[in-house]
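Each remark here refers to the structure printed beneath this line.
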Amino acid sequence: MGLNENHNIEKIASGDHKAFQGMFMEYFPKMKYFILHIVKSESIAEELSQDIFMKVWINRDFFPNLRSLNAYLYKMARNAAFNYLDHKYVEDTFILNLKSASVGDLNDELDARE
């Protein structure tokens, strides 16, 4: 990690908004692009990227312990994308099962009426 990156990490950790804004401007497009290739939705990629930077700001006290800002951000992006996909899979499965059960219940009710 370069001296400049160490300095920026220290500034962000101390609450420097300009340093955070600089990091956001540099990394946001990269994070969004990376996530987009996983989730295949630009709006979701943008939302997840924004969430990452919100978490970075909230957890900036942890920054002095970072070895690599780049690795930290990409790991957060990967985890956010995979967590989204896991959640979407569970949600889609639930909806599919709910629809199947509803159709089955409706068919049973129609059979009973006949």
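Each chain in the structure tokens gets a letter, A, B, ..., in the order shown, and its residues are numbered from 1; ligands are numbered from 1 in order too.
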Exercise. What residues in segment 42-92 of chain A get the DSSP label alpha helix (DSSP H)? Please answer as a ChimeraX atom specification.
Worked result: /A:42-58,69-92
Report as a Markdown table the residues of segment 8-33 of chain A within 9 Å of segment 52-73 of chain A, each with its shortest atom pair and distance in Å (one decimal), using only C-alpha atoms, ordered by chain and increasing residue number.
| residue | atom | partner | partner_atom | distance |
| --- | --- | --- | --- | --- |
| A:Ile9 | CA | A:Phe63 | CA | 6.1 |
| A:Glu10 | CA | A:Pro64 | CA | 6.2 |
| A:Ile12 | CA | A:Arg60 | CA | 6.5 |
| A:Ala13 | CA | A:Arg60 | CA | 4.8 |
| A:Ser14 | CA | A:Asp61 | CA | 7.5 |
| A:Gly15 | CA | A:Arg60 | CA | 7.6 |
| A:Phe20 | CA | A:Trp57 | CA | 7.7 |
| A:Phe24 | CA | A:Phe53 | CA | 7.1 |
| A:Tyr27 | CA | A:Leu73 | CA | 8.2 |
| A:Phe28 | CA | A:Phe53 | CA | 8.0 |
| A:Met31 | CA | A:Leu73 | CA | 7.7 |
Exercise. For the atom pair atom CA of Met23 of chain A and atom CA of Leu36 of chain A, what is the interatomic distance in Å to one decimal place?
Worked result: 19.5 Å
For this session: Could you check how far atom CA of Glu47 of chain A sits from atom CA of Ala81 of chain A, in Å to one decimal?
Result: 10.5 Å
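The list of residues with at least one atom within 9 Å of Val39 of chain A, based on only C-alpha atoms and without residues fewer than 4 positions apart in the same chain, reads Ile35, Ile44, Ala45, Ala81, Phe82, Tyr84 and Leu85 of chain A.
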Selected residues written out, all heavy atoms, as a CSV table (one decimal), in the first residue's frame:
chain,number,residue,atom,x,y,z
A,35,ILE,N,-19.8,-5.2,-9.4
A,35,ILE,CA,-21.1,-5.8,-8.9
A,35,ILE,C,-22.0,-6.0,-10.1
A,35,ILE,O,-22.7,-7.1,-10.1
A,35,ILE,CB,-21.7,-4.9,-7.9
A,35,ILE,CG1,-20.9,-4.8,-6.6
A,35,ILE,CG2,-23.1,-5.3,-7.5
A,35,ILE,CD1,-21.3,-3.8,-5.6
A,44,ILE,N,-29.5,-2.3,-9.3
A,44,ILE,CA,-29.1,-3.1,-8.1
A,44,ILE,C,-27.6,-2.9,-7.8
A,44,ILE,O,-27.2,-2.6,-6.7
A,44,ILE,CB,-29.4,-4.6,-8.2
A,44,ILE,CG1,-30.9,-4.8,-8.3
A,44,ILE,CG2,-28.8,-5.4,-7.1
A,44,ILE,CD1,-31.8,-4.4,-7.2
A,45,ALA,N,-26.8,-2.9,-8.9
A,45,ALA,CA,-25.4,-2.6,-8.7
A,45,ALA,C,-25.1,-1.2,-8.1
A,45,ALA,O,-24.3,-1.1,-7.2
A,45,ALA,CB,-24.7,-2.8,-10.0
A,81,ALA,N,-22.8,-8.4,-3.4
A,81,ALA,CA,-23.4,-9.0,-4.6
A,81,ALA,C,-23.9,-10.4,-4.3
A,81,ALA,O,-25.0,-10.8,-4.7
A,81,ALA,CB,-22.4,-9.0,-5.7
A,82,PHE,N,-23.0,-11.2,-3.7
A,82,PHE,CA,-23.4,-12.6,-3.4
A,82,PHE,C,-24.6,-12.7,-2.3
A,82,PHE,O,-25.5,-13.5,-2.5
A,82,PHE,CB,-22.2,-13.5,-2.9
A,82,PHE,CG,-21.3,-13.8,-4.1
A,82,PHE,CD1,-19.9,-13.9,-3.8
A,82,PHE,CD2,-21.7,-13.9,-5.4
A,82,PHE,CE1,-19.0,-14.2,-4.9
A,82,PHE,CE2,-20.9,-14.2,-6.4
A,82,PHE,CZ,-19.5,-14.3,-6.2
A,84,TYR,N,-26.9,-10.4,-2.0
A,84,TYR,CA,-28.0,-10.1,-2.8
A,84,TYR,C,-28.6,-11.3,-3.5
A,84,TYR,O,-29.8,-11.5,-3.5
A,84,TYR,CB,-27.7,-8.9,-3.7
A,84,TYR,CG,-28.8,-8.7,-4.7
A,84,TYR,CD1,-30.0,-8.0,-4.3
A,84,TYR,CD2,-28.8,-9.2,-6.0
A,84,TYR,CE1,-31.1,-7.9,-5.2
A,84,TYR,CE2,-29.8,-9.0,-6.9
A,84,TYR,CZ,-30.9,-8.4,-6.5
A,84,TYR,OH,-32.0,-8.2,-7.4
A,85,LEU,N,-27.7,-12.0,-4.2
A,85,LEU,CA,-28.1,-13.1,-5.0
A,85,LEU,C,-28.7,-14.2,-4.2
A,85,LEU,O,-29.7,-14.8,-4.5
A,85,LEU,CB,-27.0,-13.7,-5.9
A,85,LEU,CG,-26.5,-12.8,-7.0
A,85,LEU,CD1,-25.3,-13.4,-7.7
A,85,LEU,CD2,-27.6,-12.5,-8.0
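Comparing A:Lys75, A:His87, A:His7, A:His17 by their smallest distance to Ser49 of chain A, the closest is A:Lys75 (using only C-alpha atoms).
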Seminar exercise, completed: note - atom CA of Asn79 of chain A and atom CA of Ile38 of chain A are separated by 10.7 Å
